[in-house]
Structure formats: structure tokens, C-alpha cells
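Student: Sharing a structure below in C-alpha cells format, with a few things to ask.
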Amino acid sequence: MTTLPPQPPQPPQPPLPPQPPLPQPVDWNWWPQFHDPSLRLSWREQVCIHWDANLRMLRDWSACGKFFGISVLPFPLLVTALLVAQGGLPSVNGIPSSVNGWFYVGMVVLVVYLYVQHVAFMVAMRGYLPFVRAALSARGYPTCLACGHLLGPLDPLGAPRACPECGSGNSPPR
């Protein structure tokens with residue numbers, strides 16, 4: 001059996017130069033953040049969690065009513081856009097013969113409606129967040145119900161804990 005002679009100690013490595021920060025995705029708030037971004041879920045897990053959250057929300061009549069009310073709030077704007085655009089299409093025997101300025105006004109109002117509808121939907125989705133967070137917790141991903149931060153494994157003694165992100169003392173359901 002041969003043994004290798006001891007190696008002389010290596011000099012310490014110089015520190016690496018600072019790296020530029022990685023580009024972060026721009027948060028335009030076009031779609032709400034349902035959970036902590038560090039939680040990487042497969043597509044199948046995401047679908048299962050959202051199905052569970054949808055079923056949880058459908059059991060809550062108050063949440064469904066608010067979601068529906070906010071979602072249909074811009075509907076009169078759509079009706080206005082369609083009526084104005086139709087007024088800009090004079091027809092002969094039911095066939096549009098020419099286009100006048102009211103048609104273009106109606107199309108602009110339609111684009112405004114689509115934007116307002118998207119904003120209304122985003123506001124309505126904020127009421128959906130607690131259901132997603134409860135579904136995450138029910139599937140074994142303890143999540144703060146206030147901010148969505150991933151809390152890590154449960155305390156074996158069952159002691160309530162505060163969220164390290166927002167300080168909220170709400171614990172996910174077991």
C-alpha cells in the first residue's frame with residue numbers, strides 16, 4: 001500500500017469579481033403573482049392547484065358574486081361601442097354600403113373596453129388569491145395567506161409562526 005506525500009497548503013483563492021445582476025422579469029402587474037416565485041411547480045401541479053382553488057372559490061358565494069360583479073362592470077362600455085360602430089355602417093338591404101366616422105369611434109371605444117375589461121379582471125383576480133394560497137397549503141406547500149410567501153416545513157410542535165416576508169401571524173390550514 002502506497003501513501004501519497006502530504007500536499008502543501010494551497011494559497012487562498014482571490015475573490016471573484018462582482019457579477020452584474022441577472023435581469024429580473026419586469027413586473028407590469030398584468031397578471032397577479034399567485035405564490036412565492038421561488039416555488040417551482042410543474043405544469044401539472046399548477047393545473048391541479050388552480051382547479052382546487054376554483055372549486056374552493058365556487059363554494060364561497062360572496063367571492064363568486066364579487067368576481068362576477070367586477071368582471072361585468074365594463075359591459076355597458078361594450079354595448080356602447082357596438083351601438084356606435086353599428087351606427088357608422090349605413091346599409092342597403094342589410095349589406096354595409098360605406099363606413100363613416102362613427103364606425104371608427106365605435107372601434108376606439110371597443111379598444112378602450114378591452115383595456116378596461118382587462119383591468120377589471122385583474123382587480124377581480126385579487127379576490128381569487130386567497131383560494132390559490134389555501135390550495136397551495138392544502139397540497140403541502142405552506143404559504144402565507146397574506147402575501148403568498150413560501151413558509152417552509154411546518155413546525156413539528158404546531159406552534160404558530162409569523163411570515164418572514166410580511167410578519168403576518170396567520171398560519172396556513174393544516
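Please note that chains go A, B, ... in the order of the C-alpha cells, that every chain numbers its residues from 1, and that ligands are numbered from 1 in the order shown.
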Compile the contact shell of range 65-75 of chain A as a PyMOL selection string: residues with an atom at most 6 Å away, counting only C-alpha atoms, same-chain residues fewer than 6 positions apart removed.

Tutor: chain A and resi 117+120-121+124

Student: Go ahead and write the residues just picked, all heavy atoms, as a PDB file, in the first residue's frame.

Tutor:
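Dumped to again.pdb:
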```pdb
ATOM      1  N   GLN A 117     -61.793  46.125 -19.459  1.00  0.00           N
ATOM      2  CA  GLN A 117     -62.185  44.770 -19.070  1.00  0.00           C
ATOM      3  C   GLN A 117     -61.001  44.018 -18.467  1.00  0.00           C
ATOM      4  O   GLN A 117     -61.140  43.300 -17.492  1.00  0.00           O
ATOM      5  CB  GLN A 117     -62.742  44.008 -20.280  1.00  0.00           C
ATOM      6  CG  GLN A 117     -63.132  42.585 -19.971  1.00  0.00           C
ATOM      7  CD  GLN A 117     -64.246  42.482 -18.949  1.00  0.00           C
ATOM      8  OE1 GLN A 117     -65.170  43.280 -18.966  1.00  0.00           O
ATOM      9  NE2 GLN A 117     -64.178  41.520 -18.074  1.00  0.00           N
ATOM     10  N   ALA A 120     -60.416  45.374 -14.994  1.00  0.00           N
ATOM     11  CA  ALA A 120     -61.454  44.864 -14.096  1.00  0.00           C
ATOM     12  C   ALA A 120     -61.192  43.402 -13.743  1.00  0.00           C
ATOM     13  O   ALA A 120     -61.364  42.989 -12.587  1.00  0.00           O
ATOM     14  CB  ALA A 120     -62.830  45.012 -14.739  1.00  0.00           C
ATOM     15  N   PHE A 121     -60.754  42.620 -14.716  1.00  0.00           N
ATOM     16  CA  PHE A 121     -60.447  41.217 -14.449  1.00  0.00           C
ATOM     17  C   PHE A 121     -59.275  41.099 -13.473  1.00  0.00           C
ATOM     18  O   PHE A 121     -59.280  40.249 -12.584  1.00  0.00           O
ATOM     19  CB  PHE A 121     -60.139  40.496 -15.754  1.00  0.00           C
ATOM     20  CG  PHE A 121     -59.906  39.030 -15.580  1.00  0.00           C
ATOM     21  CD1 PHE A 121     -60.952  38.179 -15.286  1.00  0.00           C
ATOM     22  CD2 PHE A 121     -58.639  38.499 -15.701  1.00  0.00           C
ATOM     23  CE1 PHE A 121     -60.742  36.818 -15.119  1.00  0.00           C
ATOM     24  CE2 PHE A 121     -58.416  37.149 -15.538  1.00  0.00           C
ATOM     25  CZ  PHE A 121     -59.470  36.312 -15.250  1.00  0.00           C
ATOM     26  N   ALA A 124     -60.546  41.732 -10.096  1.00  0.00           N
ATOM     27  CA  ALA A 124     -61.319  40.573  -9.644  1.00  0.00           C
ATOM     28  C   ALA A 124     -60.400  39.421  -9.231  1.00  0.00           C
ATOM     29  O   ALA A 124     -60.713  38.660  -8.309  1.00  0.00           O
ATOM     30  CB  ALA A 124     -62.278  40.125 -10.741  1.00  0.00           C
TER      31      ALA A 124
END
```

Student: State, in Å with one decimal place, the distance from CA of Leu150 in chain A to CA of Trp43 in chain A.

Tutor: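 Separating CA of Leu150 in chain A from CA of Trp43 in chain A is a distance of 18.3 Å.
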
Student: For Leu151 in chain A, which residue among A:Gln13, A:Ser38, A:Gln7, A:Ser62 is the nearest when counting only C-alpha atoms?

Tutor: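 Nearest to Leu151 in chain A: A:Ser38.
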
Student: As a ChimeraX atom specification, list the residues of range 79-152 of chain A assigned to alpha helix (DSSP H) by DSSP on the backbone atoms of this structure.

Tutor: /A:79-87,101-126,129-138

Student: As an exercise, work out the distance from CA of Ala53 in chain A to CA of Ala135 in chain A in Å and give it to one decimal place.

Tutor: 5.5 Å

Student: Can you measure CA of Gln46 in chain A to CA of Phe131 in chain A for me? One decimal in Å is fine.

Tutor: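 Answer for the CA of Gln46 in chain A to CA of Phe131 in chain A separation: 13.3 Å.
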
Student: Here is a test: counting only C-alpha atoms, which residue of A:Ala146, A:Leu77, A:Cys163, A:Ala134 is nearest to Ile49 in chain A?

Tutor: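 Smallest separation from Ile49 in chain A among the options: A:Ala134.
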
Student: Show me, as a PyMOL selection string, the residues that have an atom within 9 Å of range 103-110 of chain A when counting only C-alpha atoms, minus same-chain residues fewer than 5 positions from it.

Tutor: chain A and resi 77-78+80-89+115
